[in-house]
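*Asks:* To start, I am sharing the structure in question, which I have written as structure tokens.
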Number of protein chains: 2
Amino acid sequence: MLLLRRCRSLTRLQRHQAAPCFASRAVRLCSSSTEDQRSHQRANWSANWKRIVAGVLTGTGAVVTYGLLHQEVEQADAGLPTTERSSSLPVFSHDEVTKHRSLEDGVWVTYKGGVYDVTEFVPIHPGGNKILLAAGGALEPFWALYAVHDQEYVLEILSQYKVGELSAEDLKKQGEAKASDPYSSDPERHPVLRINSKKPFNAEPPPEILTESYITPHVLFFKRNHLPVPQVDPASYRLQVEGLPRGALTLSLKDLKTRFPKHTVTATMQCAGNRRSDMNQVKEVKGLNWGISAIGNAKWSGARLRDVLLAAGFGPDVAKWARHVHFEGLDKDVTGSAYGTSIPINKAMNEDGDVLLAYEMNGEDIPADHGFPVRVVVPGVVGARNVKWLGRIVVSAEESSSHWQQHDYKGFSPGTDWSKVDHASSPAIQELPVQSAITVPADGAQIDRSDETLTVKGYAWSGGGREVVRVDVSLDGGKTWQVAQLRSGDKGQPDEPSPPPGRSWAWKLWELTAPLPPDADELEIICKAVDNSYNVQPDTIPPIWNLRGLLNNAWHRVKVKVTKD
Amino acid sequence: MLLLRRCRSLTRLQRHQAAPCFASRAVRLCSSSTEDQRSHQRANWSANWKRIVAGVLTGTGAVVTYGLLHQEVEQADAGLPTTERSSSLPVFSHDEVTKHRSLEDGVWVTYKGGVYDVTEFVPIHPGGNKILLAAGGALEPFWALYAVHDQEYVLEILSQYKVGELSAEDLKKQGEAKASDPYSSDPERHPVLRINSKKPFNAEPPPEILTESYITPHVLFFKRNHLPVPQVDPASYRLQVEGLPRGALTLSLKDLKTRFPKHTVTATMQCAGNRRSDMNQVKEVKGLNWGISAIGNAKWSGARLRDVLLAAGFGPDVAKWARHVHFEGLDKDVTGSAYGTSIPINKAMNEDGDVLLAYEMNGEDIPADHGFPVRVVVPGVVGARNVKWLGRIVVSAEESSSHWQQHDYKGFSPGTDWSKVDHASSPAIQELPVQSAITVPADGAQIDRSDETLTVKGYAWSGGGREVVRVDVSLDGGKTWQVAQLRSGDKGQPDEPSPPPGRSWAWKLWELTAPLPPDADELEIICKAVDNSYNVQPDTIPPIWNLRGLLNNAWHRVKVKVTKD
């Protein structure tokens with residue numbers, strides 16, 4: 001009975017939503033569907049599939065497609081019970097569930113103690129095979145992320161796939177932390193993140209999700225922690241501003257929020273180690289093996305550092321000797337040393353520099369992983385200078401003497417190895433160079449020859465407030481180039497207003513839909529960006545290789561196979 | 001007698017000055033020198049040649065070496081007549097002189113009506129074979145450039161090589177201009193310049209001379225004129241400042257010099273078409289065929305544009321709508337249209353932007369070819385916006401609508417050809433990307449295997465006030481890299497003081513002396529620079545090729561042959 005109902009709803013769904021590649025797989029699942037039905041389906045598909053494919057590929061499309069799905073489900077299941085909960089279903093352990101993470105082994109998920117085998121739903125999931133990201137684990141974090149699931153009919157659909165209950169013991173285990181661990185009070189993270197290091201926590205989102213939204217939700221924003229996340233009580237939090245003639249200024253969180261105008265800046269932040277994994281493949285480097293998603297774009301709100309320094313006594317006399325502003329975090333290592341770094345004074349004091357002491361990220365209190373209650377946001381500058389859990393600011397004639405300023409986050413020549421590196425010879429990274437990467441398709445993806453066109457997506461950004469003005473995409477390994485479409489907002493939405501020259505702190509998302517090159521079995525897809533200083537990305541990684549694997553901004557390349565069927 | 005005297009002085013000179021390669025050629029010229037003398041010479045050379053080679057390679061060295069030369073000449077020629085002018089010498093036409101431009105055909109030069117065959121002097125010229133640049137023509141412009149020649153003993157040396165007189169007719173011809181030509185009032189230019197276009201005049205210096213001095217003498221500074229050089233009377237010159245609520249402000253040259261503080265900025269200026277000739281070889285482009293010397297570094301002095309605009313009424317109300325500042329030259333085409341362009345208002349008004357209305361170049365009135373009496377100097381920005389012979393400034397909400405702003409000086413994707421170019425799709429070039437080039441050795445040069453080491457020299461610069469922090473040099477086509485020595489002053493002199501971050505407007509000169517790679521018959525030498533935003537140069541030209549041949553900042557490559565004597 002259950003199988004029959006699934007086949008009925010699948011058949012109906014195919015007519016309106018499913019793209020051919022999804023549909024053909026769905027048809028194979030329904031052995032009872034007739035040739036007549038299939039002909040009918042095909043006739044309808046040919047009219048609708050282009051719209052549907054476009055819809056499936058985007059968040060907006062997903063909402064539309066879900067709307068259609070809802071309508072179908074209402075028609076198909078009118079009068080049927082909305083859930084099919086039964087105590088007679090078997091009980092599964094968490095370990096058992098985790099074994100089902102692929103189409104081959106079956107795709108199982110849990111939701112509120114229920115276990116669901118959604119293998120058959122994968123081909124018709126309006127969000128495409130992103131559903132596989134949740135395979136073998138809990139749905140809740142994903143549904144929390146994609147609010148489109150927060151509707152009753154979604155539960156109705158899910159209920160059809162229930163195959164068991166999660167063991168009471170495993171349910172209880174979730175959320176238990178080890179009290180003896182210095183990282184035990186670290187916040188919970190979204191399971192979709194790809195973890196590069198658990199302690200300290202360093203993780204990035206899957207690329208194809210990263211560029212789904214112009215503003216990166218905080219749960220997806222890459223986390224780059226050097227130490228355990230400090231627990232800060234906002235009521236007793238105090239920020240020290242030092243080094244100025246009047247003596248130290250101490251500010252509470254309330255002071256920051258009420259004594260200074262609130263500014264909001266949309267700024268992209270990137271780790272200096274973004275794309276290190278590709279550099280690591282050229283020759284081994286030291287550092288976390290970041291993919292291409294150690295970058296994110298958020299709306300940051302807070303007091304301007306400039307305003308705070310002026311209030312603390314910065315004036316023409318100070319300007320004569322002050323050259324740097326130091327930042328110290330409240331995150332401390334076992335010796336009590338805090339994470340610390342500095343930026344040049346001109347960036348801090350420039351009216352157009354937009355450096356914030358931010359207490360909000362995307363309109364909410366900054367989350368623990370991103371620096372609650374206050375982080376410095378230094379737009380256009382490497383992530384490492386955007387100190388989280390900010391405890392202390394010092395105006396100084398000298399650069400920070402910290403490890404992270406003097407012995408890390410610096411670039412070197414490819415010929416420099418650990419035996420001869422002279423850290424004093426190289427400046428601390430501040431502004432970052434022009435960057436771009438391909439988030440869709442993934443390296444190794446298979447493209448169906450019958451698709452006729454290929455859509456390539458990604459991000460592009462440059463440091464120092466330089467606007468990305470063009471992204472070139474090649475489908476033939478760099479022989480020919482096409483210009484991608486850029487946007488500064490979510491797809492289908494108007495772009496954010498253009499910032500003044502020199503203050504383009506936010507990335508551009510880009511997309512190119514082009515005919516599939518004929519006769520190619522494999523494509524090497526490349527992207528490269530140009531900023532408004534006409535700086536470009538270098539062609540290859542070896543000439544920019546450096547022993548710490550920083551600053552990889554060579555052309556990003558992915559290879560995909562073109563299959564016939 | 002003359003030959004004998006030459007041999008005597010050469011022999012003496014070799015002991016103290018001549019590097020081995022020069023010396024060996026000098027020895028061949030003196031058939032009377034004995035084996036004993038040669039042994040003695042070799043013993044002395046081994047002690048001195050390293051110092052001497054270093055000296056010969058630099059301007060400072062040339063002075064030192066000339067001092068030694070002077071001493072030798074005094075000793076050798078004590079009691080001899082200082083000149084050997086004789087009416088019995090033959091008379092040569094200018095055409096005859098121009099036939100002698102190489103060691104094979106003889107090296108002839110003229111000086112104040114005398115004709116000199118300096119072939120034998122070439123190997124011992126303290127400035128190396130740069131003397132060949134004057135071959136077949138007049139010495140005066142070169143001696144005017146290199147003040148070291150302005151000493152009596154230099155004339156004494158020259159007099160020994162006199163072979164005739166220049167015909168009176170050809171002497172008279174020099175300096176005659178055609179009155180009917182709109183370019184007839186263009187200033188005289190130094191003959192060392194390599195001319196890309198005579199009318200309008202566009203020319204650049206030989207690369208090996210360009211990087212001899214940190215501050216480029218105005219005669220060597222590349223000339224990029226779009227129209228004939230206008231004749232401007234400094235007494236009646238007026239600058240119009242328009243577009244502001246108070247109405248136009250009119251300033252005389254005296255006003256500019258007396259009403260506003262004088263600021264001096266050392267800034268490098270580069271033509272957007274610098275290095276176009278290499279791009280042209282990839283695929284034909286439109287534009288003047290510039291080599292690598294359409295760039296120069298000068299000290300510019302004048303009033304700050306910001307100060308002038310504030311005096312003209314720029315204030316908070318204007319800041320609300322003003323977005324651009326237009327500049328118009330006094331150089332006009334046949335329709336009366338002036339050269340014009342614009343820059344963003346934030347560059348013009350930024351206290352750290354250092355935009356000047358310059359009336360001096362290298363401490364003197366700006367020469368006619370560089371914009372007398374006033375040119376805009378926009379540090380860090382493409383040469384095209386540094387308008388010469390400035391006549392009019394307009395504050396505006398819009399960019400300049402001129403051809404040079406809207407339909408030229410823009411970058412495009414390599415896939416864009418003239419049939420589909422949309423000029424509106426690309427921003428006008430303002431800041432330029434990171435750049436570097438090799439000036440020594442020249443492409444195609446021959447390196448002597450016995451030299452053991454090779455010295456490579458060049459320049460490096462980046463737009464937008466970004467400081468060049470490293471230059472990597474490869475002697476093996478990019479397989480391995482060595483870091484060059486950077487300097488911000490003349491060789492052997494202290495560097496100029498470091499400018500504040502974001503205001504590094506001047507280039508760096510660089511040099512690398514490295515062992516000659518063993519067993520290589522040919523070397524591909526490459527340089528690439530890194531600026532303090534860690535932007536780098538792209539590896540190759542084809543991916544940055546564009547239909548106008550602008551913005552070529554790919555790695556610069558030269559090939560040299562290594563010969564075994």
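The way I read the labels, and the way they are meant: chains A, B, ... in the order of the structure tokens, residue 1 as the first residue of every chain, and ligand 1 as the first ligand shown, with later ones counted on from there.
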Got a sec to pull out which chain B residues are within 6 Å of chain A, counting only C-alpha atoms, and send them as number ranges by chain?
*Replies:* B: 415, 431-433, 481, 533-535, 538-539
*Asks:* Just all heavy atoms for this one: save the residues we selected as a short mmCIF file (atom, residue, chain, number, x, y, z; two decimals), in the first residue's frame.
*Replies:*
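Generated output (again.cif):
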data_model
loop_
_atom_site.label_atom_id
_atom_site.label_comp_id
_atom_site.auth_asym_id
_atom_site.auth_seq_id
_atom_site.Cartn_x
_atom_site.Cartn_y
_atom_site.Cartn_z
N GLY B 415 37.96 37.30 -24.73
CA GLY B 415 36.98 36.84 -25.72
C GLY B 415 36.22 37.98 -26.40
O GLY B 415 35.43 37.75 -27.31
N GLU B 431 43.07 53.13 -10.99
CA GLU B 431 44.27 52.52 -10.42
C GLU B 431 44.78 51.41 -11.34
O GLU B 431 43.98 50.70 -11.95
CB GLU B 431 43.97 51.90 -9.05
CG GLU B 431 43.64 52.93 -7.98
CD GLU B 431 43.38 52.29 -6.63
OE1 GLU B 431 43.43 51.05 -6.51
OE2 GLU B 431 43.11 53.04 -5.68
N LEU B 432 46.09 51.26 -11.40
CA LEU B 432 46.67 50.22 -12.24
C LEU B 432 47.09 49.02 -11.39
O LEU B 432 47.35 49.16 -10.19
CB LEU B 432 47.88 50.78 -13.00
CG LEU B 432 47.52 51.72 -14.16
CD1 LEU B 432 48.78 52.32 -14.75
CD2 LEU B 432 46.75 50.98 -15.25
N PRO B 433 47.18 47.85 -12.01
CA PRO B 433 47.58 46.65 -11.27
C PRO B 433 49.10 46.58 -11.08
O PRO B 433 49.86 47.35 -11.67
CB PRO B 433 47.10 45.52 -12.17
CG PRO B 433 47.13 46.09 -13.55
CD PRO B 433 46.81 47.56 -13.40
N TRP B 481 62.72 30.21 -8.21
CA TRP B 481 62.62 31.67 -8.02
C TRP B 481 63.58 32.14 -6.94
O TRP B 481 63.74 31.48 -5.92
CB TRP B 481 61.20 32.05 -7.64
CG TRP B 481 60.18 31.68 -8.67
CD1 TRP B 481 59.50 30.50 -8.76
CD2 TRP B 481 59.74 32.49 -9.78
NE1 TRP B 481 58.65 30.52 -9.85
CE2 TRP B 481 58.78 31.73 -10.49
CE3 TRP B 481 60.06 33.77 -10.22
CZ2 TRP B 481 58.14 32.22 -11.64
CZ3 TRP B 481 59.41 34.25 -11.35
CH2 TRP B 481 58.47 33.48 -12.05
N SER B 533 49.14 44.37 -1.00
CA SER B 533 47.84 43.69 -0.92
C SER B 533 48.00 42.25 -1.41
O SER B 533 47.02 41.56 -1.61
CB SER B 533 46.80 44.40 -1.79
OG SER B 533 46.52 45.67 -1.27
N TYR B 534 49.24 41.86 -1.61
CA TYR B 534 49.59 40.52 -2.09
C TYR B 534 48.95 40.20 -3.44
O TYR B 534 48.72 39.04 -3.77
CB TYR B 534 49.28 39.45 -1.03
CG TYR B 534 50.36 39.41 0.05
CD1 TYR B 534 50.18 40.06 1.27
CD2 TYR B 534 51.56 38.76 -0.17
CE1 TYR B 534 51.18 40.06 2.25
CE2 TYR B 534 52.56 38.75 0.79
CZ TYR B 534 52.36 39.40 2.00
OH TYR B 534 53.34 39.39 2.94
N ASN B 535 48.68 41.28 -4.20
CA ASN B 535 48.34 41.02 -5.58
C ASN B 535 49.61 40.64 -6.33
O ASN B 535 50.70 41.13 -6.00
CB ASN B 535 47.67 42.25 -6.22
CG ASN B 535 46.17 42.25 -5.98
OD1 ASN B 535 45.48 41.30 -6.38
ND2 ASN B 535 45.67 43.28 -5.32
N PRO B 538 49.89 38.06 -13.42
CA PRO B 538 49.51 36.78 -14.02
C PRO B 538 50.68 36.18 -14.80
O PRO B 538 51.56 36.90 -15.26
CB PRO B 538 48.36 37.19 -14.96
CG PRO B 538 48.62 38.62 -15.29
CD PRO B 538 49.29 39.22 -14.07
N ASP B 539 50.65 34.86 -14.95
CA ASP B 539 51.77 34.14 -15.56
C ASP B 539 51.95 34.49 -17.04
O ASP B 539 53.08 34.59 -17.52
CB ASP B 539 51.56 32.62 -15.47
CG ASP B 539 51.17 32.13 -14.08
OD1 ASP B 539 50.74 32.96 -13.25
OD2 ASP B 539 51.28 30.92 -13.83
#
*Asks:* If DSSP is run on the backbone, what residues of region 320-378 of chain A are strand (DSSP E or B)? A reply as a list in words would be ideal.
*Replies:* His324, Val325, His326, Phe327, Glu328, Gly329, Leu330, Asp331, Lys332, Ala338, Tyr339, Gly340, Thr341, Ser342, Ile343, Pro344, Leu356, Leu357, Ala358, Tyr359, Glu360, Met361, Glu364, Asp365, Arg375, Val376 and Val377 of chain A
*Asks:* Quick one: pull the distance between CA of Ile525 (chain A) and CA of Asp451 (chain A), Å, one decimal.
*Replies:*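 If I compute the distance from CA of Ile525 (chain A) to CA of Asp451 (chain A), I get 16.5 Å.
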*Asks:* Would you list, as an MDAnalysis selection string, the residues of region 210-443 of chain B that end up in helix (DSSP H, G or I) under DSSP run on this structure's backbone?
*Replies:* chainID B and resid 210 253:259 276:282 305:311 316:321 345:349 368:370 383:385 403:406 423:425
*Asks:* Kindly give the distance, in Å, that separates CA of His94 (chain A) and CA of Val148 (chain A), rounded to a single decimal.
*Replies:*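 Between CA of His94 (chain A) and CA of Val148 (chain A) the gap is 26.5 Å.
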